[in-house]
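As provided, query21.cif (mmCIF, C-alpha atoms) reads as follows.
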data_coords
#
loop_
_atom_site.label_atom_id
_atom_site.label_comp_id
_atom_site.auth_asym_id
_atom_site.auth_seq_id
_atom_site.Cartn_x
_atom_site.Cartn_y
_atom_site.Cartn_z
CA MET V 176 -66.75 137.40 72.04
CA SER V 177 -67.61 134.40 69.94
CA PRO V 178 -70.39 131.81 69.72
CA GLY V 179 -67.91 129.28 71.06
CA SER V 180 -67.84 131.09 74.39
CA ALA V 181 -71.58 130.91 74.85
CA HIS V 182 -71.44 128.69 77.94
CA THR V 183 -69.77 131.38 80.05
CA TRP V 184 -72.86 133.15 81.46
CA THR V 185 -74.13 132.52 85.00
CA VAL V 186 -71.78 130.17 86.83
CA ARG V 187 -73.08 126.59 86.59
CA VAL V 188 -72.05 124.36 89.50
CA LEU V 189 -72.46 120.65 90.23
CA VAL V 190 -72.40 119.75 93.94
CA VAL V 191 -71.48 116.12 94.67
CA GLU V 192 -71.95 115.35 98.37
CA ASP V 193 -73.45 112.23 99.97
CA HIS V 194 -74.45 113.95 103.23
CA ALA V 195 -77.91 115.19 102.24
CA THR V 196 -78.21 118.02 104.77
CA LEU V 197 -74.77 119.44 103.98
CA ALA V 198 -75.39 119.03 100.25
CA SER V 199 -78.62 121.01 100.47
CA ARG V 200 -76.94 123.77 102.50
CA ILE V 201 -74.10 124.05 99.97
CA ALA V 202 -76.54 124.19 97.05
CA GLN V 203 -78.71 126.78 98.79
CA GLY V 204 -75.71 128.98 99.62
CA LEU V 205 -74.39 128.89 96.05
CA ARG V 206 -77.84 129.65 94.61
CA GLN V 207 -78.18 132.63 96.93
CA ALA V 208 -74.83 133.80 95.53
CA GLY V 209 -76.40 133.84 92.05
CA MET V 210 -75.18 130.51 90.68
CA ALA V 211 -77.15 127.76 88.93
CA VAL V 212 -76.64 124.58 90.95
CA ASP V 213 -77.36 120.91 90.35
CA LEU V 214 -77.00 118.36 93.13
CA VAL V 215 -76.16 114.65 93.19
CA TYR V 216 -75.25 112.34 96.06
CA ASP V 217 -72.80 109.76 94.68
CA GLY V 218 -69.89 109.45 92.28
CA ALA V 219 -71.75 107.46 89.63
CA ALA V 220 -74.46 110.12 89.39
CA ALA V 221 -71.76 112.81 89.14
CA LEU V 222 -70.15 111.11 86.15
CA GLU V 223 -73.52 110.58 84.48
CA VAL V 224 -74.84 114.14 84.81
CA SER V 225 -71.51 115.77 83.94
CA SER V 226 -71.39 113.79 80.69
CA SER V 227 -74.48 115.60 79.42
CA THR V 228 -74.28 119.03 81.12
CA VAL V 229 -71.54 121.66 80.90
CA TYR V 230 -70.41 122.86 84.34
CA ASP V 231 -68.00 125.63 85.23
CA VAL V 232 -67.14 124.21 88.66
CA ILE V 233 -67.72 120.87 90.39
CA VAL V 234 -67.76 120.87 94.20
CA LEU V 235 -66.71 117.29 94.86
CA ASP V 236 -66.73 115.44 98.17
CA ARG V 237 -63.83 113.00 98.30
CA ASP V 238 -65.47 110.17 100.28
CA LEU V 239 -68.38 109.26 97.99
CA PRO V 240 -70.39 106.03 97.63
CA ILE V 241 -70.58 103.86 94.48
CA VAL V 242 -67.70 105.65 92.72
CA HIS V 243 -65.12 107.24 95.03
CA GLY V 244 -64.45 110.95 94.69
CA ASP V 245 -60.83 110.24 93.75
CA GLN V 246 -61.97 108.27 90.69
CA VAL V 247 -64.50 110.96 89.76
CA CYS V 248 -61.73 113.56 89.95
CA ARG V 249 -59.37 111.49 87.79
CA THR V 250 -62.09 110.96 85.19
CA LEU V 251 -63.18 114.58 84.96
CA THR V 252 -59.77 116.27 85.17
CA GLY V 253 -59.06 118.08 81.93
CA SER V 254 -62.64 117.73 80.63
CA GLY V 255 -63.55 121.38 81.23
CA PRO V 256 -64.96 122.06 84.71
CA ARG V 257 -62.76 123.24 87.56
CA ILE V 258 -62.85 120.90 90.55
CA LEU V 259 -63.05 122.00 94.18
CA MET V 260 -62.52 118.93 96.36
CA LEU V 261 -64.03 118.70 99.84
CA THR V 262 -62.79 116.36 102.55
CA ALA V 263 -63.04 115.80 106.28
CA ALA V 264 -59.32 114.99 106.39
CA ALA V 265 -57.30 118.05 107.36
CA GLU V 266 -53.77 116.65 107.10
CA VAL V 267 -51.42 118.21 104.57
CA GLU V 268 -50.75 114.87 102.87
CA HIS V 269 -54.47 114.44 102.15
CA ARG V 270 -54.67 117.90 100.61
CA VAL V 271 -51.60 117.21 98.47
CA ALA V 272 -53.04 113.86 97.37
CA GLY V 273 -56.27 115.55 96.30
CA LEU V 274 -54.43 118.15 94.26
CA GLU V 275 -52.26 115.48 92.66
CA LEU V 276 -55.42 113.73 91.47
CA GLY V 277 -56.13 116.81 89.36
CA ALA V 278 -58.34 118.91 91.65
CA ASP V 279 -57.94 122.66 91.13
CA ASP V 280 -58.54 123.53 94.77
CA TYR V 281 -59.09 121.84 98.10
CA LEU V 282 -61.26 122.73 101.11
CA GLY V 283 -61.32 120.86 104.40
CA LYS V 284 -64.46 120.26 106.45
CA PRO V 285 -65.81 122.05 108.39
CA PHE V 286 -65.56 125.19 106.29
CA ALA V 287 -67.04 128.69 106.22
CA PHE V 288 -69.61 129.15 103.46
CA VAL V 289 -68.22 132.55 102.53
CA GLU V 290 -64.90 130.85 101.78
CA LEU V 291 -66.59 128.12 99.71
CA ILE V 292 -68.43 130.73 97.64
CA ALA V 293 -65.25 132.78 97.16
CA ARG V 294 -63.31 129.72 96.00
CA VAL V 295 -66.03 128.64 93.57
CA ARG V 296 -66.15 132.14 92.08
CA ALA V 297 -62.36 132.23 91.77
CA LEU V 298 -62.33 128.85 90.00
CA SER V 299 -65.08 129.91 87.60
CA ARG V 300 -63.01 132.93 86.54
CA ARG V 301 -60.09 130.64 85.70
CA ALA V 302 -62.02 128.97 82.89
CA PRO V 303 -60.08 129.85 79.70
CA SER V 304 -63.24 130.72 77.75
CA ALA V 305 -64.70 133.08 80.35
CA PRO V 306 -64.23 136.72 79.28
CA PRO V 307 -64.27 139.13 82.23
CA ALA V 308 -66.50 141.65 80.45
CA LEU V 309 -69.03 141.63 77.60
CA GLN V 310 -69.97 144.62 75.40
CA HIS V 311 -72.87 145.23 72.99
CA GLN V 312 -73.40 148.78 71.68
CA ASP V 313 -73.67 150.92 74.83
CA LEU V 314 -74.40 147.94 77.10
CA THR V 315 -71.61 146.54 79.29
CA VAL V 316 -71.72 143.42 81.46
CA ASP V 317 -68.93 142.96 84.00
CA ARG V 318 -68.97 139.25 84.86
CA ALA V 319 -66.31 139.42 87.57
CA ARG V 320 -68.11 142.15 89.56
CA HIS V 321 -71.62 141.02 88.57
CA ARG V 322 -72.53 144.49 87.31
CA ALA V 323 -74.22 145.80 84.20
CA ALA V 324 -74.56 149.30 82.77
CA ARG V 325 -76.12 150.96 79.74
CA GLY V 326 -74.05 153.97 78.89
CA SER V 327 -73.47 155.79 82.17
CA ARG V 328 -76.59 154.27 83.79
CA SER V 329 -76.08 151.36 86.18
CA LEU V 330 -78.67 148.58 85.87
CA ASN V 331 -80.16 147.11 89.03
CA LEU V 332 -80.70 143.52 87.86
CA THR V 333 -81.79 140.42 89.75
CA ARG V 334 -79.56 137.34 89.54
CA LYS V 335 -81.76 135.72 86.90
CA GLU V 336 -82.04 138.91 84.83
CA PHE V 337 -78.27 139.22 84.93
CA GLY V 338 -77.90 135.56 83.94
CA ILE V 339 -80.17 135.97 80.91
CA LEU V 340 -78.34 139.10 79.81
CA GLU V 341 -74.96 137.40 80.25
CA MET V 342 -76.03 134.45 78.13
CA LEU V 343 -77.44 136.58 75.32
CA MET V 344 -74.34 138.78 75.30
CA ALA V 345 -72.01 135.79 75.23
CA ALA V 346 -73.94 134.31 72.28
CA ASP V 347 -72.76 137.37 70.29
CA GLY V 348 -75.88 137.75 68.14
CA ALA V 349 -76.72 134.05 67.86
CA MET V 350 -80.23 132.91 68.78
CA VAL V 351 -80.69 131.49 72.29
CA SER V 352 -83.80 129.40 72.99
CA ALA V 353 -85.98 129.63 76.07
CA GLU V 354 -84.99 126.02 76.82
CA GLN V 355 -81.30 126.98 76.82
CA LEU V 356 -82.00 129.88 79.16
CA LEU V 357 -83.91 127.57 81.51
CA GLU V 358 -81.09 125.03 81.50
CA HIS V 359 -78.20 127.42 82.10
CA VAL V 360 -79.66 130.31 84.10
CA TRP V 361 -81.90 128.23 86.33
CA ASP V 362 -81.17 124.55 87.14
CA LEU V 363 -82.45 121.02 86.57
CA ASN V 364 -85.32 121.41 89.04
CA ILE V 365 -87.15 124.11 87.09
CA ASP V 366 -90.45 123.18 85.42
CA PRO V 367 -89.69 123.02 81.65
CA PHE V 368 -93.22 124.30 80.93
CA SER V 369 -92.82 127.35 83.15
CA ASN V 370 -93.26 130.84 81.68
CA ILE V 371 -90.54 132.17 83.99
CA VAL V 372 -88.24 132.99 81.05
CA SER V 373 -90.76 135.27 79.32
CA VAL V 374 -91.70 136.94 82.61
CA THR V 375 -88.06 137.59 83.50
CA MET V 376 -87.32 138.75 79.95
CA THR V 377 -90.12 141.33 80.17
CA ARG V 378 -88.65 142.76 83.37
CA LEU V 379 -85.13 142.77 81.88
CA ARG V 380 -86.24 144.63 78.74
CA ARG V 381 -88.01 147.24 80.88
CA LYS V 382 -84.82 147.84 82.87
CA LEU V 383 -82.64 148.02 79.73
CA GLY V 384 -84.85 150.78 78.28
CA ASP V 385 -84.89 152.18 74.75
CA PRO V 386 -83.88 151.66 72.06
CA PRO V 387 -84.58 147.92 72.52
CA LEU V 388 -81.55 145.62 72.50
CA ILE V 389 -83.14 142.15 72.73
CA GLU V 390 -85.01 140.73 69.75
CA THR V 391 -87.61 137.95 70.00
CA VAL V 392 -87.22 135.27 67.32
CA VAL V 393 -90.84 134.10 67.13
CA GLY V 394 -91.21 130.45 68.06
CA ARG V 395 -87.46 130.03 68.54
CA GLY V 396 -85.95 132.26 71.21
CA TYR V 397 -84.07 135.52 71.69
CA ARG V 398 -80.95 137.31 70.50
CA MET V 399 -79.15 140.62 70.97
#
Spit out the file's structure as structure tokens when you get a sec.
Amino acid sequence: MSPGSAHTWTVRVLVVEDHATLASRIAQGLRQAGMAVDLVYDGAAALEVSSSTVYDVIVLDRDLPIVHGDQVCRTLTGSGPRILMLTAAAEVEHRVAGLELGADDYLGKPFAFVELIARVRALSRRAPSAPPALQHQDLTVDRARHRAARGSRSLNLTRKEFGILEMLMAADGAMVSAEQLLEHVWDLNIDPFSNIVSVTMTRLRRKLGDPPLIETVVGRGYRM
């Protein structure tokens, strides 16, 4: 582990889809699968938000307004996030064209949500800086299986508790602020003045047990 790998906690996804109902359903499904999801409806917004936020995977509709999905894909290819391209066109040549633009995977509409979630998870694991497991003293976090254990005791964590623990473990002793936890474990819609981080942290510490593993840095944040 290293501080440089500190963006590899809960999977952060950007959904870019101009059909509002479908976009909301995709975002809801991914959030229920434990991912932090942001949502935009056109290519220009996708380029803007991805320039300031680190994403693991971008679910990108091909036929977008303002800036076409093809151009978004060309621009973002090689910049870090894996790209899953969506399209209503089912022909092989369209799938090949999407992959040649730099997309990492391709999914035709209509699709099964279980397949979408599986493909997003698979792409997130292909990120070169994403270690499959994190270890701190007797605490182990298995990112691939979404499991955590302290010694021989399995921990029954909620998605957000797991996300906080992942982020602190990945920081490898560095301080992580409450604002960083809000940004990466939750999503852009969360109230920045919410006390949800401290409430979730209290529950997480209770489940981790003694001796304590998470230190509060007064006025600054938390660290392992």
Inset, instruction - Extract, using all atoms listed in the file, all DNA, RNA and protein residues at most 8 Å from range 349-360 of chain V, discarding same-chain residues fewer than 6 positions from it, and format them as a list of chain:residue names. - result: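 Counting only the stated atoms, we get V:Pro178, V:Trp184, V:Thr185, V:Arg187, V:Met210, V:Ala211, V:Lys335, V:Gly338, V:Ile339, V:Met342, V:Leu343, V:Pro367, V:Val372, V:Val392, V:Arg395, V:Gly396, V:Tyr397, V:Arg398, V:Met399.
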Just-selected residues, C-alpha atoms written as a CSV table (one decimal), in the coordinates of the input:
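Saved the output as again_22.csv:
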chain,number,residue,atom,x,y,z
V,178,PRO,CA,-70.4,131.8,69.7
V,184,TRP,CA,-72.9,133.2,81.5
V,185,THR,CA,-74.1,132.5,85.0
V,187,ARG,CA,-73.1,126.6,86.6
V,210,MET,CA,-75.2,130.5,90.7
V,211,ALA,CA,-77.2,127.8,88.9
V,335,LYS,CA,-81.8,135.7,86.9
V,338,GLY,CA,-77.9,135.6,83.9
V,339,ILE,CA,-80.2,136.0,80.9
V,342,MET,CA,-76.0,134.4,78.1
V,343,LEU,CA,-77.4,136.6,75.3
V,367,PRO,CA,-89.7,123.0,81.6
V,372,VAL,CA,-88.2,133.0,81.0
V,392,VAL,CA,-87.2,135.3,67.3
V,395,ARG,CA,-87.5,130.0,68.5
V,396,GLY,CA,-86.0,132.3,71.2
V,397,TYR,CA,-84.1,135.5,71.7
V,398,ARG,CA,-81.0,137.3,70.5
V,399,MET,CA,-79.2,140.6,71.0
Inset, instruction - Would you mind listing what lies within 12 Å of Ser327 in chain V as an MDAnalysis selection string, with all atoms listed in the file counted and same-chain residues fewer than 2 positions away left out? - result: chainID V and resid 313:315 323:325 329:330
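Take CA of Val247 in chain V and CA of Leu276 in chain V: the distance between them is 9.6 Å.
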Inset, instruction - Find the residues near Phe286 in chain V: any atom within 12 Å, counting only C-alpha atoms, skip ones fewer than 3 places away on the same chain, and give them as a PyMOL selection string. - result: chain V and resi 197+201+261-265+281-283+289-294
Inset, instruction - Write out as a list in words which residues come within 9 Å of Ala198 in chain V when counting only C-alpha atoms, dropping same-chain ones fewer than 5 positions away. - result: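 Using only C-alpha atoms, the neighbours found are Val190, Val191, Glu192, Asp193, Gln203, Leu214, Val215 and Tyr216 of chain V.
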Inset, instruction - Return the single residue from V:Pro240, V:Ala345, V:Gly218, V:Arg296 that is closest to Val188 in chain V, with distances computed using all atoms listed in the file. - result: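 Closest to Val188 in chain V, using all atoms listed in the file: V:Arg296.
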Inset, instruction - Enumerate, as a VMD selection string, the protein, DNA and RNA residues whose atoms approach (-67.6, 125.2, 83.4) to within 6 Å, taking into account all atoms listed in the file and the coordinate frame of the file. - result: chain V and resid 229 to 232 255 to 256
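Nearest to Asn331 in chain V of all the residues V:Lys284, V:Thr377, V:Ser299, V:Leu383 is V:Leu383, counting all atoms listed in the file.
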Legend entry - Nearest-residue call for Glu223 in chain V, choices V:Ala208, V:Asp238, V:Leu251, V:Asp245, using all atoms listed in the file: V:Leu251
Inset, instruction - Find the residue from V:Leu259, V:Leu379, V:Leu239, V:Ile389 that sits nearest to Ala297 in chain V; use only C-alpha atoms when measuring. - result: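 Nearest to Ala297 in chain V: V:Leu259.
Taking CA of Leu235 in chain V as the reference point, CA of Ala287 in chain V is found at 16.1 Å.
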Legend entry - Given all atoms listed in the file as the counted atoms, nearest of V:Ala202, V:Thr250, V:Lys382, V:Met260 to Ser225 in chain V: V:Thr250
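Taking CA of Val295 in chain V and CA of Val234 in chain V as the two end points, the separation is 8.0 Å.
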